[in-house]
Each structure stands twice: as structure tokens, then as C-alpha cells.
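**Student:** Provided below: final_22.cif, containing mmCIF, C-alpha atoms.
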data_final
loop_
_atom_site.label_atom_id
_atom_site.label_comp_id
_atom_site.auth_asym_id
_atom_site.auth_seq_id
_atom_site.Cartn_x
_atom_site.Cartn_y
_atom_site.Cartn_z
CA MET A 6 146.62 -51.24 27.69
CA ALA A 7 148.28 -47.84 27.41
CA CYS A 8 148.22 -45.75 30.57
CA PRO A 9 145.61 -42.98 30.43
CA PRO A 10 146.84 -39.38 30.47
CA ARG A 11 147.50 -38.08 33.96
CA TYR A 12 145.81 -34.94 35.21
CA SER A 13 146.24 -33.40 38.62
CA PRO A 14 143.21 -32.63 40.80
CA ALA A 15 143.86 -28.94 40.02
CA GLU A 16 143.73 -29.62 36.27
CA ILE A 17 140.52 -31.63 36.60
CA ALA A 18 139.04 -28.76 38.64
CA ALA A 19 140.14 -26.22 36.02
CA GLY A 20 138.44 -28.22 33.28
CA ASP A 21 135.28 -28.53 35.36
CA GLN A 22 135.26 -24.78 36.01
CA LEU A 23 135.78 -24.00 32.33
CA PHE A 24 132.74 -26.01 31.31
CA ARG A 25 130.52 -24.85 34.15
CA LYS A 26 130.39 -21.57 32.25
CA PRO A 27 127.46 -20.95 29.88
CA TRP A 28 128.75 -21.94 26.45
CA ARG A 29 126.67 -20.67 23.53
CA PHE A 30 126.48 -20.87 19.77
CA VAL A 31 128.20 -17.86 18.16
CA CYS A 32 127.94 -18.42 14.42
CA GLY A 33 127.92 -20.95 11.65
CA ALA A 34 130.28 -20.64 8.69
CA PRO A 35 129.08 -22.46 5.56
CA THR A 36 131.98 -21.02 3.54
CA HIS A 37 135.56 -19.96 4.23
CA GLU A 38 134.59 -16.32 3.71
CA ALA A 39 132.02 -16.55 6.54
CA LEU A 40 134.57 -17.52 9.22
CA PRO A 41 134.74 -15.18 12.24
CA ALA A 42 137.83 -13.06 12.83
CA ALA A 43 140.90 -15.13 13.72
CA ASP A 44 141.48 -13.37 17.04
CA ARG A 45 141.62 -16.17 19.61
CA PRO A 46 142.66 -19.82 19.99
CA GLU A 47 140.38 -22.32 18.29
CA ILE A 48 139.95 -25.97 19.20
CA ALA A 49 138.11 -28.12 16.67
CA LEU A 50 136.26 -31.41 16.89
CA ALA A 51 136.69 -33.37 13.66
CA GLY A 52 135.76 -36.86 12.58
CA ARG A 53 133.77 -39.04 10.25
CA SER A 54 130.06 -38.43 9.79
CA ASN A 55 128.04 -39.72 12.74
CA VAL A 56 131.09 -40.26 14.97
CA GLY A 57 129.48 -38.22 17.75
CA LYS A 58 131.05 -34.75 17.55
CA SER A 59 127.94 -32.78 18.48
CA THR A 60 127.02 -35.27 21.22
CA LEU A 61 130.50 -35.00 22.72
CA LEU A 62 130.39 -31.20 22.59
CA ASN A 63 127.07 -31.25 24.45
CA ALA A 64 128.56 -33.58 27.07
CA LEU A 65 131.57 -31.30 27.50
CA ALA A 66 129.37 -28.28 28.10
CA GLY A 67 126.83 -30.17 30.17
CA GLN A 68 124.07 -28.97 27.86
CA LEU A 69 121.72 -31.27 26.00
CA ARG A 70 121.03 -28.95 23.06
CA LEU A 71 124.08 -26.73 22.65
CA ALA A 72 124.98 -28.47 19.38
CA ARG A 73 122.33 -30.04 17.20
CA VAL A 74 122.48 -33.84 17.28
CA SER A 75 121.16 -36.09 14.55
CA HIS A 76 121.41 -39.78 13.71
CA THR A 77 121.49 -38.83 10.03
CA PRO A 78 125.10 -38.60 8.77
CA GLY A 79 125.92 -35.17 7.39
CA ARG A 80 123.53 -33.05 9.47
CA THR A 81 126.28 -30.56 10.43
CA GLN A 82 127.05 -28.84 7.13
CA GLY A 83 129.21 -25.88 8.17
CA LEU A 84 131.74 -24.91 10.81
CA ASN A 85 129.84 -24.09 14.01
CA PHE A 86 131.60 -21.82 16.52
CA PHE A 87 130.88 -21.84 20.27
CA ALA A 88 132.20 -19.56 23.01
CA THR A 89 131.67 -18.59 26.63
CA PRO A 90 132.01 -15.16 28.30
CA GLY A 91 135.40 -14.33 29.74
CA VAL A 92 137.30 -17.05 27.86
CA ALA A 93 139.17 -16.13 24.68
CA CYS A 94 138.54 -19.36 22.80
CA TYR A 95 136.29 -20.89 20.18
CA LEU A 96 135.22 -24.52 20.18
CA VAL A 97 134.48 -25.54 16.61
CA ASP A 98 132.08 -28.33 15.66
CA MET A 99 133.06 -29.40 12.16
CA PRO A 100 131.04 -31.17 9.46
CA GLY A 101 131.65 -34.89 9.39
CA TYR A 102 133.81 -36.13 6.56
CA GLY A 103 133.16 -39.32 4.64
CA PHE A 104 129.67 -40.69 4.03
CA ALA A 105 126.76 -38.28 4.42
CA VAL A 106 123.11 -38.22 3.41
CA ALA A 107 123.27 -35.15 1.14
CA PRO A 108 123.76 -34.26 -2.54
CA LYS A 109 127.29 -34.96 -3.80
CA VAL A 110 127.85 -31.31 -4.75
CA ARG A 111 127.05 -30.18 -1.22
CA VAL A 112 129.26 -32.87 0.33
CA ALA A 113 132.14 -31.82 -1.93
CA ALA A 114 131.67 -28.19 -0.88
CA TRP A 115 131.87 -28.87 2.84
CA ASN A 116 134.79 -31.28 2.36
CA ARG A 117 136.65 -28.38 0.70
CA LEU A 118 135.66 -26.17 3.64
CA ILE A 119 137.05 -28.73 6.09
CA GLU A 120 140.33 -29.01 4.20
CA ASP A 121 140.75 -25.24 3.79
CA TYR A 122 140.05 -24.64 7.47
CA LEU A 123 142.36 -27.38 8.74
CA ARG A 124 145.13 -26.39 6.35
CA GLY A 125 145.08 -22.62 6.74
CA ARG A 126 143.45 -21.35 9.93
CA PRO A 127 146.24 -19.54 11.85
CA THR A 128 144.47 -19.65 15.23
CA LEU A 129 143.72 -23.38 15.18
CA VAL A 130 145.76 -24.76 18.09
CA ARG A 131 144.50 -28.34 18.18
CA VAL A 132 142.15 -30.70 16.45
CA PHE A 133 140.53 -33.42 18.50
CA LEU A 134 140.18 -36.18 15.93
CA LEU A 135 137.23 -38.31 16.99
CA ILE A 136 137.28 -42.01 16.20
CA ASP A 137 134.38 -44.38 16.82
CA ALA A 138 135.90 -46.98 19.15
CA ARG A 139 133.90 -49.72 17.42
CA ARG A 140 135.29 -48.86 13.97
CA GLY A 141 138.89 -47.76 14.51
CA LEU A 142 140.85 -45.79 11.94
CA LYS A 143 139.53 -45.78 8.39
CA ARG A 144 141.11 -44.68 5.12
CA VAL A 145 139.33 -41.32 5.23
CA ASP A 146 140.79 -40.65 8.70
CA LEU A 147 144.27 -41.31 7.33
CA SER A 148 143.69 -38.69 4.62
CA ILE A 149 142.82 -36.07 7.24
CA MET A 150 145.84 -37.10 9.32
CA ARG A 151 148.13 -36.59 6.34
CA LEU A 152 146.62 -33.15 5.73
CA LEU A 153 147.18 -32.16 9.37
CA ASP A 154 150.75 -33.50 9.29
CA GLU A 155 151.48 -31.42 6.18
CA ALA A 156 149.93 -28.31 7.74
CA ALA A 157 151.75 -28.94 11.07
CA VAL A 158 148.47 -28.72 12.98
CA ASN A 159 148.57 -30.61 16.26
CA TYR A 160 145.85 -33.23 16.64
CA GLN A 161 144.85 -35.67 19.34
CA PHE A 162 142.76 -38.81 19.02
CA VAL A 163 139.57 -39.05 21.06
CA LEU A 164 137.77 -42.38 21.01
CA THR A 165 133.99 -42.09 21.24
CA LYS A 166 131.33 -44.61 22.29
CA VAL A 167 133.78 -46.67 24.35
CA ASP A 168 130.86 -47.95 26.44
CA LYS A 169 130.05 -50.21 23.47
CA LEU A 170 133.29 -52.20 23.91
CA ALA A 171 134.59 -54.66 26.46
CA GLU A 172 137.78 -53.57 28.22
CA ARG A 173 139.92 -56.02 26.26
CA GLU A 174 138.54 -54.74 22.96
CA LEU A 175 139.09 -51.13 24.04
CA ALA A 176 142.68 -51.89 25.01
CA ALA A 177 143.36 -53.27 21.54
CA VAL A 178 141.81 -50.24 19.84
CA LEU A 179 143.76 -47.82 22.01
CA ALA A 180 147.01 -49.66 21.29
CA SER A 181 146.31 -49.50 17.55
CA ILE A 182 145.43 -45.79 17.68
CA GLU A 183 148.50 -44.85 19.68
CA ALA A 184 150.74 -46.90 17.38
CA ALA A 185 149.32 -44.92 14.46
CA ALA A 186 149.89 -41.64 16.33
CA ALA A 187 153.56 -42.53 16.78
CA ARG A 188 153.96 -42.64 12.98
CA HIS A 189 152.54 -39.16 12.42
CA ARG A 190 154.58 -36.11 13.32
CA ALA A 191 151.65 -33.80 14.19
CA ALA A 192 149.78 -36.34 16.31
CA HIS A 193 149.66 -36.01 20.08
CA PRO A 194 151.12 -39.16 21.66
CA MET A 195 148.29 -39.73 24.15
CA SER A 196 144.72 -40.62 23.23
CA LEU A 197 141.56 -40.07 25.24
CA ALA A 198 138.72 -42.59 25.63
CA THR A 199 135.24 -41.16 26.09
CA SER A 200 131.61 -42.10 26.35
CA ALA A 201 129.12 -39.25 26.19
CA ALA A 202 126.38 -41.66 27.26
CA GLU A 203 128.16 -42.62 30.50
CA GLY A 204 130.22 -39.47 31.03
CA ARG A 205 133.40 -41.53 30.86
CA GLY A 206 136.55 -39.56 30.08
CA ILE A 207 134.70 -36.25 29.82
CA ASP A 208 136.55 -34.86 32.85
CA MET A 209 139.89 -35.69 31.22
CA LEU A 210 138.92 -34.06 27.93
CA ARG A 211 137.82 -30.95 29.81
CA ALA A 212 141.13 -30.93 31.69
CA GLU A 213 143.08 -31.31 28.44
CA ILE A 214 141.25 -28.35 26.90
CA ALA A 215 141.85 -26.20 30.01
CA ARG A 216 145.53 -27.18 29.99
CA LEU A 217 145.83 -26.37 26.31
CA LEU A 218 144.25 -22.94 26.75
CA THR A 219 146.61 -22.14 29.61
CA GLU A 220 149.59 -23.13 27.45
CA THR A 221 148.49 -21.09 24.42
CA ARG A 222 147.03 -18.01 26.11
CA ARG A 223 150.31 -16.08 26.25
CA SER A 224 150.93 -16.40 22.53
CA PHE A 225 147.57 -14.71 21.84
CA GLU A 226 147.93 -11.93 24.40
CA LYS A 227 148.45 -8.50 22.87
CA PRO A 228 151.44 -6.45 24.10
CA ALA A 229 150.56 -3.51 26.31
#
Turn this file's structure into C-alpha cells for me.

**Tutor:**
Amino acid sequence: MACPPRYSPAEIAAGDQLFRKPWRFVCGAPTHEALPAADRPEIALAGRSNVGKSTLLNALAGQLRLARVSHTPGRTQGLNFFATPGVACYLVDMPGYGFAVAPKVRVAAWNRLIEDYLRGRPTLVRVFLLIDARRGLKRVDLSIMRLLDEAAVNYQFVLTKVDKLAERELAAVLASIEAAAARHRAAHPMSLATSAAEGRGIDMLRAEIARLLTETRRSFEKPA
């Protein structure tokens, strides 16, 4: 099994502090024209419908109802932006791609929104690409990966629902995911394994986000 990413106690503490703050919903963008001003780093959660994006966001923030959760694929139908006071960053909960319980015209519209946002948002610093640990990579994931490679947008795999697998099964999925990452130029080499139900890996994801914000903050600071 691949070694998990290493985070120092200070990095874990920084991630914990970041998500002890009161995160709140800022706005929803059903169209590209409705996006907020691109004035700060943005970190997006992307993945197939029903992969657990909203549930993971709630676990990150330690809030049960920050993002609306549904067992019906396709409930999130726009880009939802979240922020916290004193931190120049948006977390973005994206519509699920792939199967959804909605009219085809509406699904096509939000798929275009996803593609336009991932391809052209200048302040998007990373996409956490969520993969259901029980399902692995699917063809529709590969399409999004190619888009991100072409747009040179850094993305990192986050396995969800790992509590549903035995350790041997999880090791095989992680090895497969990281082998795929090695073949894609925009993919981060290390993957994260999480379970919102058990809290597993949430501290590492928080630490990764805090580390990322520290690394990107200077590039967004305005000159005096």
C-alpha cells in the first residue's frame, strides 16, 4: 500500500484551526455569468454524482448542514461557494457529473458549467477529485482528468467512503489511483483516503488545504 501523505503536527494543527472557523454559504452560481469575482484562491470539490462531495465538505467544516446533502444523484445543480471570515479563499462544491436524476437539458447545462469553470477559472488553484473507493475510476472521471490536464489545473484524488472497504481492498484501489495519477501531468502524486462517516483522513485533507493556502497566498497578495 502506498504511504499516506506526511503532515507535521503543526500542519495538522493549522488545518484544524482553519476549519474551526465558521464557514458559511456565500452564493450559488447556476451559470458562468453568476460566478463571484475572481479575487481569491478557489479550491473545488469535484466528482461523479452521489460520490459524497457535500457530505465531505460538511465533515471538513464540522457542520452537519453547511452543504445540502441528498441521496438523489444530481441534487447540487450549480457551483456553491463557501467562505469564512479572515481567510481569502473559496471552497467550491460542484455539481456531480455523470448520472443524475434530472431532465437531460438541465444536466447538459450544468455539465457545460462544470467544464467552463474547470477550464477557465483563473483563481482555481486545485481540484480535489473525489472517487468512491468502492467504484474506482470510471470513464467519466477520465474525461474530467483530460480536461484538467489540458487546462493545466492541478488536481488531487480523494477517495471517499473508505470505511466500506477492507484494508486489502483499499490498498489495491489506492495503488490503481496513484498509478493513474502518474500518467497525468496535472495530477498530484499523492492521494488521500477519507471517510466522512468515521472522520478518517479528514485531518489530513484539512492539513492539505491549509498547506495549499499558505503556498498560494503570496501570489494573490496585492502589492502595497

**Student:** For the provided coordinates, the residues matched by the PyMOL selection byres ((chain A and resi 183) around 12) should be stated as a ChimeraX atom specification.

**Tutor:** /A:6-9,141-142,161-164,176-182,184-189,192-198

**Student:** Identify all residues satisfying the PyMOL selection byres ((chain A and resi 44) around 8) in the given file; provide them as a PyMOL selection string.

**Tutor:** chain A and resi 42-43+45-46+128+225

**Student:** With the PyMOL selection byres ((chain A and resi 204-217) around 8) as the selection, what would be picked from this file? Answer as a list of chain:residue names, please.

**Tutor:** A:Pro10, A:Tyr12, A:Glu16, A:Ile17, A:Ala18, A:Ala19, A:Gly20, A:Asp21, A:Leu23, A:Phe24, A:Ala64, A:Leu65, A:Leu197, A:Ala198, A:Thr199, A:Ser200, A:Ala201, A:Ala202, A:Glu203, A:Leu218, A:Thr219, A:Glu220, A:Thr221

**Student:** When you draw a straight line from atom CA of Ala39 of chain A to atom CA of Arg131 of chain A, how long is it in Å?

**Tutor:**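 One can read the atom CA of Ala39 of chain A to atom CA of Arg131 of chain A distance as 20.7 Å.
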
**Student:** Between A:Ile119, A:Glu174, A:Phe87, A:Ser148, single out the one closest to Glu47 of chain A, counting all atoms listed in the file.

**Tutor:** A:Phe87

**Student:** Between atom CA of Tyr160 of chain A and atom CA of Arg29 of chain A, measure the distance and give it in Å to one decimal.

**Tutor:** 23.9 Å

**Student:** Which residues are near Ala49 of chain A? Cut-off 12 Å, all atoms listed in the file, ignore same chain within fewer than 5 positions. Put them as an mmCIF file with C-alpha atoms, in the coordinates of the input.

**Tutor:**
data_model
loop_
_atom_site.group_PDB
_atom_site.id
_atom_site.type_symbol
_atom_site.label_atom_id
_atom_site.label_comp_id
_atom_site.auth_asym_id
_atom_site.auth_seq_id
_atom_site.Cartn_x
_atom_site.Cartn_y
_atom_site.Cartn_z
ATOM 1 C CA LYS A 58 131.050 -34.750 17.550
ATOM 2 C CA SER A 59 127.940 -32.780 18.480
ATOM 3 C CA LEU A 61 130.500 -35.000 22.720
ATOM 4 C CA LEU A 62 130.390 -31.200 22.590
ATOM 5 C CA LEU A 84 131.740 -24.910 10.810
ATOM 6 C CA ASN A 85 129.840 -24.090 14.010
ATOM 7 C CA PHE A 86 131.600 -21.820 16.520
ATOM 8 C CA PHE A 87 130.880 -21.840 20.270
ATOM 9 C CA CYS A 94 138.540 -19.360 22.800
ATOM 10 C CA TYR A 95 136.290 -20.890 20.180
ATOM 11 C CA LEU A 96 135.220 -24.520 20.180
ATOM 12 C CA VAL A 97 134.480 -25.540 16.610
ATOM 13 C CA ASP A 98 132.080 -28.330 15.660
ATOM 14 C CA MET A 99 133.060 -29.400 12.160
ATOM 15 C CA PRO A 100 131.040 -31.170 9.460
ATOM 16 C CA GLY A 101 131.650 -34.890 9.390
ATOM 17 C CA ILE A 119 137.050 -28.730 6.090
ATOM 18 C CA TYR A 122 140.050 -24.640 7.470
ATOM 19 C CA LEU A 123 142.360 -27.380 8.740
ATOM 20 C CA ARG A 126 143.450 -21.350 9.930
ATOM 21 C CA THR A 128 144.470 -19.650 15.230
ATOM 22 C CA LEU A 129 143.720 -23.380 15.180
ATOM 23 C CA VAL A 130 145.760 -24.760 18.090
ATOM 24 C CA ARG A 131 144.500 -28.340 18.180
ATOM 25 C CA VAL A 132 142.150 -30.700 16.450
ATOM 26 C CA PHE A 133 140.530 -33.420 18.500
ATOM 27 C CA LEU A 134 140.180 -36.180 15.930
ATOM 28 C CA LEU A 135 137.230 -38.310 16.990
ATOM 29 C CA VAL A 158 148.470 -28.720 12.980
ATOM 30 C CA ASN A 159 148.570 -30.610 16.260
ATOM 31 C CA TYR A 160 145.850 -33.230 16.640
ATOM 32 C CA GLN A 161 144.850 -35.670 19.340
ATOM 33 C CA PHE A 162 142.760 -38.810 19.020
ATOM 34 C CA VAL A 163 139.570 -39.050 21.060
ATOM 35 C CA ILE A 214 141.250 -28.350 26.900
#

**Student:** Which distance in Å separates atom CA of Pro35 of chain A and atom CA of Gly67 of chain A, to one decimal?

**Tutor:**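 So the answer is 25.9 Å.
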
**Student:** Using only C-alpha atoms, find the one residue out of A:Arg151, A:Arg73, A:Arg25, A:Lys166 that sits nearest to Glu120 of chain A.

**Tutor:**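 Going through A:Arg151, A:Arg73, A:Arg25, A:Lys166 one by one, the smallest distance to Glu120 of chain A is for A:Arg151.
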
**Student:** Identify which of the residues A:Ala156, A:Trp28, A:Glu172, A:Arg144 lies closest to Ala191 of chain A, counting all atoms listed in the file when measuring atom-to-atom distances.

**Tutor:**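 Among A:Ala156, A:Trp28, A:Glu172, A:Arg144, it is A:Ala156 that comes nearest to Ala191 of chain A.
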
**Student:** Could you pull segment 174-212 of chain A out of the structure just shown and give N, CA and C atoms as a compact mmCIF listing (two decimals), in the first residue's frame?

**Tutor:**
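part_14.txt, freshly written:
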# COMPACT_ATOMS: atom_id res chain seq x y z
N GLU A 174 -8.49 -4.35 0.15
CA GLU A 174 -9.20 -3.77 -0.99
C GLU A 174 -8.83 -2.31 -1.16
N LEU A 175 -8.74 -1.57 -0.07
CA LEU A 175 -8.37 -0.16 -0.13
C LEU A 175 -6.97 0.01 -0.69
N ALA A 176 -6.05 -0.86 -0.28
CA ALA A 176 -4.68 -0.78 -0.79
C ALA A 176 -4.65 -0.94 -2.31
N ALA A 177 -5.45 -1.86 -2.82
CA ALA A 177 -5.49 -2.08 -4.26
C ALA A 177 -6.06 -0.87 -4.99
N VAL A 178 -7.11 -0.27 -4.43
CA VAL A 178 -7.71 0.91 -5.06
C VAL A 178 -6.74 2.07 -5.05
N LEU A 179 -6.08 2.29 -3.92
CA LEU A 179 -5.10 3.38 -3.84
C LEU A 179 -3.96 3.18 -4.83
N ALA A 180 -3.48 1.96 -4.97
CA ALA A 180 -2.40 1.68 -5.92
C ALA A 180 -2.86 1.98 -7.35
N SER A 181 -4.08 1.61 -7.68
CA SER A 181 -4.62 1.87 -9.01
C SER A 181 -4.78 3.36 -9.27
N ILE A 182 -5.27 4.10 -8.27
CA ILE A 182 -5.48 5.54 -8.40
C ILE A 182 -4.15 6.25 -8.58
N GLU A 183 -3.17 5.88 -7.79
CA GLU A 183 -1.88 6.57 -7.86
C GLU A 183 -1.12 6.19 -9.13
N ALA A 184 -1.34 5.01 -9.65
CA ALA A 184 -0.76 4.65 -10.95
C ALA A 184 -1.37 5.51 -12.05
N ALA A 185 -2.68 5.74 -11.96
CA ALA A 185 -3.34 6.61 -12.94
C ALA A 185 -2.83 8.04 -12.82
N ALA A 186 -2.65 8.52 -11.59
CA ALA A 186 -2.14 9.88 -11.39
C ALA A 186 -0.78 10.08 -12.03
N ALA A 187 0.06 9.05 -11.98
CA ALA A 187 1.40 9.15 -12.55
C ALA A 187 1.38 9.33 -14.06
N ARG A 188 0.26 8.98 -14.71
CA ARG A 188 0.16 9.11 -16.16
C ARG A 188 -0.47 10.42 -16.60
N HIS A 189 -0.81 11.27 -15.64
CA HIS A 189 -1.47 12.53 -15.97
C HIS A 189 -0.67 13.70 -15.41
N ARG A 190 -0.30 14.61 -16.29
CA ARG A 190 0.66 15.65 -15.92
C ARG A 190 0.14 16.65 -14.89
N ALA A 191 -1.17 16.85 -14.78
CA ALA A 191 -1.70 17.82 -13.82
C ALA A 191 -2.11 17.18 -12.51
N ALA A 192 -1.98 15.88 -12.40
CA ALA A 192 -2.42 15.18 -11.19
C ALA A 192 -1.37 15.24 -10.09
N HIS A 193 -1.82 15.49 -8.88
CA HIS A 193 -0.95 15.45 -7.71
C HIS A 193 -0.55 13.99 -7.47
N PRO A 194 0.70 13.74 -7.11
CA PRO A 194 1.15 12.34 -6.99
C PRO A 194 0.57 11.58 -5.80
N MET A 195 0.14 12.28 -4.76
CA MET A 195 -0.34 11.61 -3.56
C MET A 195 -1.86 11.72 -3.46
N SER A 196 -2.50 10.62 -3.09
CA SER A 196 -3.94 10.59 -2.92
C SER A 196 -4.28 10.58 -1.43
N LEU A 197 -5.49 10.98 -1.12
CA LEU A 197 -5.98 10.98 0.25
C LEU A 197 -7.15 10.02 0.37
N ALA A 198 -7.22 9.29 1.47
CA ALA A 198 -8.30 8.33 1.72
C ALA A 198 -9.15 8.85 2.87
N THR A 199 -10.45 9.01 2.64
CA THR A 199 -11.31 9.61 3.65
C THR A 199 -12.58 8.81 3.88
N SER A 200 -13.12 9.01 5.06
CA SER A 200 -14.45 8.52 5.39
C SER A 200 -15.13 9.59 6.21
N ALA A 201 -16.13 10.25 5.63
CA ALA A 201 -16.86 11.27 6.38
C ALA A 201 -17.61 10.63 7.56
N ALA A 202 -18.07 9.40 7.38
CA ALA A 202 -18.82 8.72 8.43
C ALA A 202 -17.97 8.48 9.67
N GLU A 203 -16.70 8.12 9.47
CA GLU A 203 -15.82 7.80 10.59
C GLU A 203 -14.84 8.92 10.92
N GLY A 204 -14.78 9.95 10.08
CA GLY A 204 -13.82 11.02 10.30
C GLY A 204 -12.42 10.67 9.83
N ARG A 205 -12.27 9.57 9.17
CA ARG A 205 -10.95 9.10 8.75
C ARG A 205 -10.39 9.98 7.62
N GLY A 206 -9.16 10.42 7.79
CA GLY A 206 -8.48 11.20 6.76
C GLY A 206 -8.91 12.66 6.69
N ILE A 207 -9.89 13.06 7.47
CA ILE A 207 -10.38 14.44 7.41
C ILE A 207 -9.29 15.40 7.90
N ASP A 208 -8.53 15.00 8.93
CA ASP A 208 -7.46 15.87 9.42
C ASP A 208 -6.39 16.09 8.36
N MET A 209 -6.10 15.06 7.55
CA MET A 209 -5.10 15.20 6.51
C MET A 209 -5.60 16.09 5.37
N LEU A 210 -6.87 15.97 5.03
CA LEU A 210 -7.42 16.83 3.99
C LEU A 210 -7.43 18.28 4.46
N ARG A 211 -7.79 18.51 5.70
CA ARG A 211 -7.72 19.87 6.25
C ARG A 211 -6.30 20.41 6.19
N ALA A 212 -5.33 19.57 6.58
CA ALA A 212 -3.93 20.00 6.56
C ALA A 212 -3.47 20.31 5.15
